[in-house]
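Peer 1: This structure is in structure tokens; I'll ask about it shortly.
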Amino acid sequence: MHVVRVRKVENGKTYESALLRQSYREGQQVKKRTLASLTALPSEAIDAIERILRGEHLVGATDGLIVERSWAHGHVAAVLGTARKMGLEGIVDPHASRQRDLVLAMLVARVLQPASKLATTRLWGTTSLAKTLAVEDATEDELYAAMDWLVERQEAIEQRLAKRHLEPGGLVLYDLSSTYLEGEHCPLAKRGYSRDGKPGMPQIEFGLLTNAEGEPVAIEVFPGNTADPATFQAQVDKVKDRFGVADVVWVGDRGMVTGAQVRQLQEVAGLSWVTALRAPTIQQLVDAGSIQVSLFDTQNLAEVTDPRYPGERLVVCHNPLLAEKRAGKREDMLLATERELNRVVRMVERGAAGRRAGLQGAAAIGERVGRVVNKYQMAKHFVRTITETTFSYRREQASIADEAALDGLYVLRTNVAKERLDTAGVVLAYKSLAQVERAFRHFKLSDLEVRPIYHYAERRVRAHLLLCMLAYSVQRTMERALAPLLFMQEVAPQRGDPVAPAPRAPEATRKEQTKLTAHGLPVHSFRTLLADLATIVTNRVQPRGSDGRAAFDLTTQPSTLQTRAFELLGLQSGRM
């Protein structure tokens, strides 16, 4: 028996039929007869019948092949491909080496799934990362050695980043944060002001230096009890002397660029800066008449002068939304303090009545009241009266009114000429510090999990922070490229008012409301998009019964969403 395909054309149309026929002999003559018409069957079924009749042995796909291993691959291809496209390998070290591959593996792993170095080696087999970089056999000790190798090259790495991202006349942003450590053997671990809300834990501080767009250039680690201003001058020297970029505008917050720091900057010709004044100084300007609060009834931005700041510009801003927020927060803190004070009043009353759980004596009462009023920094807004047996309090309305008059008011201080940076430009320059704050959020609150730090050796702590900075640079680049698929703005709208909150693009609002892109694809966070890309899997397949020499890799076909993600990253799907 065999299958015959018959074609004929009638009235310009082609008709094809498939017939099951049998050949037989009558004497010396070979004849054929049709047993059945197969035309109505699917083409795959007709092909299968034809192959069986030819003597082939058909088996199911799963019966003939064995999937030996599977590695999540798509998210690796996206992150590693982006790092290579950025030229990160050359920034780490221009010469290829196993140490460089290990560093690249660690920083990509930090973006994919932050973990300890031991846990990172345990995760080698779950993705294609280690296989791609040929570091599957790397141990945690080798990763520690690679960290030591990396930190020795930190200055050269930062030099290359500065050459790429810093330019004369541009802004340089600098801010300081802290994170806590486990253990007490690291020489950098000290107890200081904790930004993590863990005052009892030893910590380190780290300063991040970026350009105006927030692209990280350098990171430096300090002992945990270092004051913010004490770190600033070293960064100025680094940019001026090591990086060779002297003509920049430094932007730092009011706690970083203090009056003492400004005096040091003024001693060096050509250094420019933008910072802000503290609230007590602003009050002095108001009291001296340099700032007229009534001026901001009709406007929210003005430049003023004051003889105490010769050759400088003072840019005064008033944000009504910020004023409302501060007023609300102050009232909340006042009410919270009053609740605590009322508790003390009841304790004193019990003490006066001779009860056991009461509070007696002016010294004991004063100590307890001091703890309460300082809990929310509201001591200045309360008048307290304490005797040996009584305690009472009232709000200091004059103090509250004086502070409320400055709600929403902030003053920027700069020595940059108006021709170089106009009034609105000064405000926007200071607000660009939000780029560094955003980096700190990625470091600490999500994604990169810089804390807590478990390293004890000082060089390892420094290497850990450097790895996190490089990983943040990769993630930041990816987020900007993938913005059309993420809950973030693709292009920030122009700001008509530099003091008002930044406007939001209509497209970003539409994505938040519909949870869909303009092309109907689901909108993701960066993390969930990486998880989706991870479903592109590389499988190691071999025919059943073979000796392994016929094994081959087979990668999942990307979905429409995944294809779009790789297009936005400028990468071929699954290629690195």
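Note on naming: chains are A, B, ... as they come in the structure tokens, residues start from 1 per chain, ligands start from 1 in the order shown.
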Residues within 12 Å of segment 430-438 of chain A, please, as a PyMOL selection string. Count only C-alpha atoms; anything in the same chain fewer than 6 positions from it doesn't count.

Peer 2: chain A and resi 171-177+206-219+249-254+256-257+273-277+315+317+410-414+421+423-424+444-447+469+472+476+498-502

Peer 1: Select from segment 4-188 of chain A everything DSSP, run on the backbone, classes as alpha helix (DSSP H), then give the selection as number ranges by chain.

Peer 2: A: 43-53, 61-64, 74-85, 88-92, 98-112, 117-122, 129-133, 140-152, 154-165

Peer 1: Residues at most 7 Å from segment 392-405 of chain A, counting only C-alpha atoms, excluding those fewer than 4 positions away in the same chain, as a list in words?

Peer 2: Ala327, Val345, His381, Phe382, Val383, Arg384, Thr385 and Ile386 of chain A

Peer 1: Just give me the gap between atom CA of Leu554 of chain A and atom CA of Val541 of chain A in Å, one decimal is fine.

Peer 2: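 A separation of 6.9 Å between them.
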
Peer 1: How many Å separate atom CA of Ala260 of chain A from atom CA of Gln377 of chain A?

Peer 2: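 Atom-to-atom, atom CA of Ala260 of chain A to atom CA of Gln377 of chain A, that is 25.5 Å.
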
Peer 1: So how far away is atom CA of Ile453 of chain A from atom CA of Ala234 of chain A, in Å?

Peer 2: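 Between atom CA of Ala234 of chain A and atom CA of Ile453 of chain A the gap is 24.3 Å.
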
Peer 1: Using only C-alpha atoms, pick whichever of A:Asp247, A:Glu68, A:Glu338, A:Glu507 has the shortest atom-to-atom distance to Gly170 of chain A.

Peer 2: A:Asp247

Peer 1: List every residue of segment 321-390 of chain A that DSSP, applied to the backbone, labels as strand (DSSP E or B), and write the result as a ChimeraX atom specification.

Peer 2: /A:382-386

Peer 1: I'd like the neighbourhood of Phe566 of chain A as a list in words, where a residue qualifies if any of its atoms comes within 10 Å (using only C-alpha atoms), though same-chain residues fewer than 5 positions away should be ignored.

Peer 2: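 Result of the neighbour search: Gly74, Ala77, Ala78, Gly81, Thr82, Ala481, Leu482, Leu533, Pro558, Leu561, Leu571, Gln572, Ser573, Gly574 and Arg575 of chain A.
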